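Enquirer: Contents are compact mmCIF, C-alpha atoms; file name protein.txt:
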```
# COMPACT_ATOMS: atom_id res chain seq x y z
CA PRO A 167 59.39 43.64 79.11
CA ARG A 168 61.20 45.66 76.48
CA TRP A 169 60.13 49.15 75.52
CA GLY A 170 60.78 51.25 72.45
CA LEU A 171 61.75 54.86 73.12
CA LEU A 172 60.35 57.46 70.75
CA ALA A 173 61.07 60.85 72.32
CA PHE A 174 61.33 62.89 75.49
CA ALA A 175 58.89 65.57 74.42
CA LEU A 176 55.66 66.32 72.65
CA PRO A 177 55.25 64.96 69.11
CA THR A 178 57.00 67.08 66.53
CA ARG A 179 58.48 66.91 63.05
CA PRO A 180 62.19 67.20 63.79
CA TYR A 181 63.31 67.54 60.19
CA LEU A 182 61.14 70.55 59.35
CA ARG A 183 62.53 74.06 59.42
CA ARG A 184 65.97 73.08 60.63
CA VAL A 185 68.41 75.94 60.96
CA VAL A 186 71.47 74.07 62.23
CA ASN A 187 72.36 70.51 61.29
CA PHE A 188 75.66 68.93 62.34
CA ARG A 189 77.19 65.83 63.92
CA LEU A 190 78.83 65.54 67.31
CA PHE A 191 80.68 62.30 68.11
CA GLY A 192 78.95 60.91 65.03
CA ILE A 193 75.47 61.73 66.36
CA PRO A 194 73.24 63.92 64.14
CA VAL A 195 72.07 67.12 65.85
CA ILE A 196 69.23 69.32 64.57
CA VAL A 197 68.51 72.73 66.08
CA GLN A 198 65.08 74.15 65.31
CA PRO A 199 64.25 77.88 65.11
CA TRP A 200 62.06 77.88 68.22
CA HIS A 201 65.06 76.84 70.30
CA TRP A 202 66.84 80.09 69.41
CA ILE A 203 63.68 82.17 69.64
CA LEU A 204 62.71 81.06 73.16
CA LEU A 205 66.28 81.23 74.45
CA GLY A 206 66.58 84.72 72.99
CA LEU A 207 63.27 85.85 74.51
CA LEU A 208 64.16 84.58 77.97
CA GLY A 209 67.70 85.95 77.68
CA TYR A 210 66.40 89.40 76.79
CA LEU A 211 63.86 89.36 79.64
CA LEU A 212 66.68 88.57 82.06
CA THR A 213 69.39 90.90 80.74
CA ARG A 214 67.69 93.59 78.62
CA THR A 215 70.86 93.88 76.50
CA PRO A 216 71.75 92.38 73.12
CA LEU A 217 75.12 91.09 74.39
CA GLY A 218 73.58 89.53 77.50
CA THR A 219 70.89 87.93 75.37
CA GLY A 220 73.50 86.43 73.04
CA LEU A 221 75.54 85.07 75.95
CA PHE A 222 72.42 83.53 77.50
CA MET A 223 71.48 81.90 74.18
CA LEU A 224 74.95 80.41 73.74
CA ALA A 225 75.04 79.13 77.34
CA GLY A 226 71.57 77.61 77.00
CA PHE A 227 72.44 75.92 73.71
CA LEU A 228 75.59 74.34 75.16
CA SER A 229 73.84 73.26 78.35
CA PHE A 230 70.93 71.59 76.55
CA LEU A 231 73.29 69.97 74.05
CA VAL A 232 75.27 68.39 76.91
CA HIS A 233 72.00 67.19 78.45
CA GLU A 234 70.85 65.49 75.26
CA MET A 235 74.32 64.06 74.59
CA GLY A 236 74.04 62.34 77.97
CA HIS A 237 70.89 60.60 76.74
CA ALA A 238 72.28 59.91 73.29
CA LEU A 239 75.65 58.46 74.27
CA THR A 240 74.10 56.22 76.92
CA GLY A 241 71.44 55.00 74.50
CA GLN A 242 74.16 54.39 71.94
CA ALA A 243 75.98 52.21 74.48
CA PHE A 244 72.78 50.12 74.61
CA LYS A 245 72.91 49.62 70.82
CA GLY A 246 70.55 52.48 69.94
CA GLN A 247 71.14 54.75 66.94
CA PRO A 248 70.53 58.24 68.37
CA HIS A 249 69.97 61.63 66.94
CA ILE A 250 69.25 64.84 68.82
CA VAL A 251 66.70 67.57 68.24
CA LEU A 252 66.96 70.87 70.14
CA HIS A 253 63.64 72.72 70.08
CA GLY A 254 61.75 75.09 72.33
CA PHE A 255 63.34 75.49 75.73
CA GLY A 256 65.04 72.10 75.66
CA GLY A 257 65.16 69.15 73.30
CA PHE A 258 65.05 65.40 73.06
CA ALA A 259 66.99 62.37 71.85
CA LEU A 260 65.44 59.95 69.37
CA PHE A 261 66.31 56.30 68.88
CA PRO A 262 64.33 55.11 65.83
CA GLY A 263 63.53 51.40 66.04
CA ALA A 264 65.46 50.91 69.29
CA ARG A 265 64.11 48.78 72.12
CA PHE A 266 65.43 49.11 75.66
CA THR A 267 64.82 47.19 78.84
CA ARG A 268 63.30 49.20 81.68
CA LEU A 269 66.69 49.33 83.41
CA GLN A 270 68.40 50.55 80.25
CA MET A 271 65.69 53.16 79.76
CA PHE A 272 66.06 54.38 83.35
CA LEU A 273 69.84 54.69 83.02
CA MET A 274 69.64 56.36 79.63
CA ILE A 275 67.09 58.92 80.82
CA ALA A 276 69.01 59.61 84.04
CA ALA A 277 72.20 60.25 82.06
CA GLY A 278 70.79 63.49 80.60
CA PRO A 279 70.26 65.48 83.79
CA ALA A 280 73.33 63.80 85.33
CA ALA A 281 75.56 65.14 82.53
CA GLN A 282 73.98 68.58 82.76
CA LEU A 283 74.25 68.70 86.54
CA PHE A 284 77.91 67.67 86.35
CA LEU A 285 78.53 70.45 83.83
CA GLY A 286 76.80 73.03 86.01
CA ALA A 287 78.62 71.96 89.16
CA ALA A 288 82.00 71.96 87.40
CA VAL A 289 81.45 75.43 85.92
CA PHE A 290 80.13 76.79 89.22
CA GLY A 291 83.16 75.37 91.05
CA GLY A 292 85.46 76.93 88.47
CA LEU A 293 83.78 80.29 88.94
CA MET A 294 84.23 80.10 92.69
CA TYR A 295 87.92 79.27 92.30
CA PHE A 296 88.96 81.26 89.22
CA GLY A 297 86.15 83.81 88.88
CA THR A 298 88.01 86.82 90.21
CA SER A 299 90.97 86.13 87.90
CA LEU A 300 88.87 86.23 84.74
CA PRO A 301 89.69 89.53 83.00
CA ASP A 302 86.35 90.12 81.30
CA THR A 303 83.02 90.50 83.12
CA GLN A 304 81.22 89.20 80.01
CA ILE A 305 83.19 85.95 80.21
CA ARG A 306 82.17 85.61 83.85
CA LEU A 307 78.56 86.33 82.89
CA PHE A 308 78.62 83.60 80.24
CA PHE A 309 79.94 81.01 82.67
CA TYR A 310 77.43 82.15 85.29
CA PHE A 311 74.59 81.60 82.80
CA LEU A 312 76.03 78.21 81.83
CA ALA A 313 76.21 77.07 85.46
CA MET A 314 72.79 78.37 86.49
CA ILE A 315 70.93 77.05 83.42
CA SER A 316 72.58 73.65 83.80
CA ILE A 317 71.88 73.25 87.52
CA PHE A 318 68.33 74.65 87.39
CA TRP A 319 67.25 72.65 84.34
CA ALA A 320 68.81 69.40 85.58
CA ILE A 321 67.08 69.68 88.96
CA LEU A 322 63.74 70.64 87.38
CA ASN A 323 64.02 67.69 84.99
CA LEU A 324 64.42 65.27 87.89
CA VAL A 325 61.02 66.15 89.34
CA PRO A 326 58.66 63.21 88.62
CA ILE A 327 56.52 65.05 86.07
CA VAL A 328 55.78 63.42 82.71
CA PRO A 329 57.28 64.13 80.14
CA LEU A 330 60.27 65.51 82.07
CA ASP A 331 63.11 63.08 82.70
CA GLY A 332 62.00 62.49 86.29
CA GLY A 333 58.57 61.45 85.05
CA GLN A 334 60.11 59.16 82.41
CA MET A 335 62.34 57.59 85.07
CA LEU A 336 59.31 57.02 87.31
CA ASP A 337 57.52 55.44 84.34
CA ALA A 338 60.48 53.10 83.79
CA VAL A 339 60.46 52.07 87.46
CA LEU A 340 56.69 51.51 87.75
CA GLY A 341 56.26 49.99 84.30
CA PRO A 342 53.47 50.22 81.73
CA LYS A 343 50.94 48.39 83.89
CA ARG A 344 51.11 51.21 86.46
CA ARG A 345 50.87 54.05 83.96
CA ASN A 346 47.84 55.52 85.74
CA LEU A 347 49.82 55.70 88.99
CA THR A 348 52.68 57.42 87.17
CA LEU A 349 50.27 60.01 85.75
CA THR A 350 48.64 60.60 89.14
CA ILE A 351 52.01 61.18 90.83
CA SER A 352 53.00 63.44 87.94
CA ILE A 353 49.88 65.60 88.29
CA ILE A 354 50.37 66.01 92.05
CA ALA A 355 54.06 66.85 91.61
CA ALA A 356 53.29 69.41 88.89
CA VAL A 357 50.70 71.22 91.00
CA LEU A 358 53.03 71.28 94.02
CA VAL A 359 56.01 72.55 92.00
CA ALA A 360 53.95 75.28 90.31
CA GLY A 361 52.56 76.36 93.69
CA LEU A 362 56.00 76.49 95.29
CA MET A 363 57.36 78.55 92.38
CA LEU A 364 54.59 81.10 92.79
CA LEU A 365 54.89 81.21 96.59
CA ARG A 366 58.64 81.82 96.42
CA ASP A 367 58.16 84.64 93.92
CA GLU A 368 57.50 87.81 95.91
CA GLY A 369 54.93 90.40 94.88
CA ASP A 370 51.28 90.30 93.90
CA LEU A 371 49.87 88.12 91.12
CA SER A 372 50.53 90.70 88.41
CA GLU A 373 54.22 90.92 89.39
CA LYS A 374 54.95 87.19 89.66
CA ASN A 375 56.93 85.29 87.06
CA TRP A 376 54.38 82.96 85.50
CA LEU A 377 56.63 81.44 82.81
CA PHE A 378 57.81 78.27 84.55
CA PRO A 379 54.65 77.71 86.68
CA LEU A 380 52.57 77.79 83.49
CA PHE A 381 55.10 75.49 81.84
CA VAL A 382 54.63 72.94 84.65
CA ILE A 383 50.85 73.34 84.79
CA MET A 384 50.70 72.59 81.06
CA PHE A 385 52.26 69.21 81.80
CA ALA A 386 49.76 68.62 84.60
CA PHE A 387 46.90 69.28 82.18
CA GLN A 388 48.40 66.91 79.59
CA ASN A 389 48.79 64.19 82.21
CA PHE A 390 45.24 64.71 83.47
CA SER A 391 43.89 64.45 79.92
CA GLU A 392 45.75 61.19 79.33
CA LEU A 393 44.65 59.79 82.70
CA ARG A 394 41.01 60.67 82.01
CA GLU A 395 41.21 59.08 78.55
CA ARG A 396 42.76 55.90 79.93
CA THR A 397 40.15 55.69 82.68
CA ALA A 398 37.32 56.16 80.18
CA LYS A 399 38.65 53.37 77.96
CA LYS A 400 38.96 51.05 80.93
CA GLU A 401 35.32 51.63 81.88
CA GLU A 402 34.03 50.88 78.35
```
Would you write out, as structure tokens, the structure that this file holds?

Expert:
Amino acid sequence: PRWGLLAFALPTRPYLRRVVNFRLFGIPVIVQPWHWILLGLLGYLLTRTPLGTGLFMLAGFLSFLVHEMGHALTGQAFKGQPHIVLHGFGGFALFPGARFTRLQMFLMIAAGPAAQLFLGAAVFGGLMYFGTSLPDTQIRLFFYFLAMISIFWAILNLVPIVPLDGGQMLDAVLGPKRRNLTLTISIIAAVLVAGLMLLRDEGDLSEKNWLFPLFVIMFAFQNFSELRERTAKKEE
């Protein structure tokens, strides 16, 4: 079977309220305001300084751009016509009208976190080797942010939770006839990941970092809603 790929995220209107619009390797890239807002908010929560916030935003933007370019360039190799939208804390690649085999879809989805993980590992290795010779602590901080965002986001994206890349890859492997199984695995994985995040975070409930656990639980709820809807239609 051949599938059409629409997006890697929730439905949105990618052409509304654009603040940055450019091309990279001939691929259109749109950056929406919420991308900067959420990166800035998280950067400020982590650093509490304007300079640290700016460095975090720049590192996040570059990391997510590399991730989406991995998707886009691979899809382009399979005759797709990609464009990229960065929004929220991430983004997605679109291929209007494109149809991919399940193998092509799997490879194209896997290319995103693979590119980001390679970037993170390369930057981290460079920091270990050259870090002490860098003259400016702010330069070191930028590369530290770039490495950590890239490695963390790539690994998180490989967890089999729909609509993360890992969930999309699982969907490509199992196929459309086993969509309910994909959703069930996704719900279980989301609950486990959220629980592990909270358990690893020391302190009482009021002191825990709820940002990413809530982010994952939101996906679990979306998957549960779709699974319940599909089950109801099957019983009609």

Enquirer: Counting only C-alpha atoms, figure out which residue out of A:Leu260, A:Val186, A:Leu228, A:Met271 gets nearest to Gly286 (chain A).

Expert: A:Leu228

Enquirer: Mind checking which residues fall within 12 Å of Ile203 (chain A), counting all atoms listed in the file, ignoring those fewer than 6 positions away in the same chain, and posting them as a list in words?

Expert: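 Within the cut-off, the hits are Val185, Val197, Gly209, Tyr210, Thr219, Gly220, Phe222, Met223, Gly226, Phe227, Leu252, His253, Gly254, Phe255 and Gly256 of chain A.
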
Enquirer: Select from region 279-306 of chain A every residue with an atom at most 12 Å from any atom of region 229-242 of chain A, then for each give the shortest pair of atoms and their distance in Å to one decimal, using all atoms listed in the file, rows by chain and rising number, as CSV.

Expert:
```
residue,atom,partner,partner_atom,distance
A:Pro279,CA,A:His233,CA,5.9
A:Ala280,CA,A:Gly236,CA,7.5
A:Ala281,CA,A:Gly236,CA,5.6
A:Gln282,CA,A:His233,CA,4.9
A:Leu283,CA,A:His233,CA,8.5
A:Phe284,CA,A:Val232,CA,9.8
A:Leu285,CA,A:Ser229,CA,7.7
A:Gly286,CA,A:Ser229,CA,8.2
A:Ala287,CA,A:Ser229,CA,11.9
A:Val289,CA,A:Ser229,CA,11.0
```

Enquirer: Need to verify the contact set: region 323-336 of chain A, 10 Å, all atoms listed in the file, exclusion of same-chain residues closer than 4 positions in sequence. Can you return it as a PyMOL selection string?

Expert: chain A and resi 173-176+268-269+271-280+317-319+340-341+345+347-357+359+382+385-386+388-389

Enquirer: So how many Å separate CA of Glu392 (chain A) and CA of Phe244 (chain A), to one decimal?

Expert: 29.6 Å

Enquirer: Interatomic distance between CA of Trp200 (chain A) and CA of Asn187 (chain A)?

Expert: 14.4 Å

Enquirer: Could you check how far CA of Lys343 (chain A) sits from CA of Thr267 (chain A), in Å to one decimal?

Expert: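 Separation of CA of Lys343 (chain A) and CA of Thr267 (chain A): 14.8 Å.
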
Enquirer: In terms of the shortest atom-to-atom distance over all atoms listed in the file, which of A:Arg366, A:Arg306, A:Arg396, A:Arg214 is closest to Arg344 (chain A)?

Expert: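 Ranking A:Arg366, A:Arg306, A:Arg396, A:Arg214 by distance to Arg344 (chain A), first place goes to A:Arg396.
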
Enquirer: So which one's closest to Thr215 (chain A), A:Tyr310, A:Tyr295, A:Gln304, A:Phe390? Using all atoms listed in the file, please.

Expert: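 Using all atoms listed in the file, the shortest distance to Thr215 (chain A) belongs to A:Gln304.
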
Enquirer: Using only C-alpha atoms, which protein or nucleic acid residues come within 10 Å of Ala225 (chain A)? Drop anything in the same chain fewer than 6 positions from it, and give the result as a PyMOL selection string.

Expert: chain A and resi 205+219+231+307-316

Enquirer: Quick one: of A:Ile196, A:Leu293, A:Val251, A:Ile305, who's nearest to Leu224 (chain A), counting only C-alpha atoms?

Expert: A:Ile305

Enquirer: Could you check the closest approach to Leu380 (chain A) for each of A:Leu221, A:Leu208, A:Leu393, A:Ala360 and tell me which residue wins, using only C-alpha atoms?

Expert: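 Smallest separation from Leu380 (chain A) among the options: A:Ala360.
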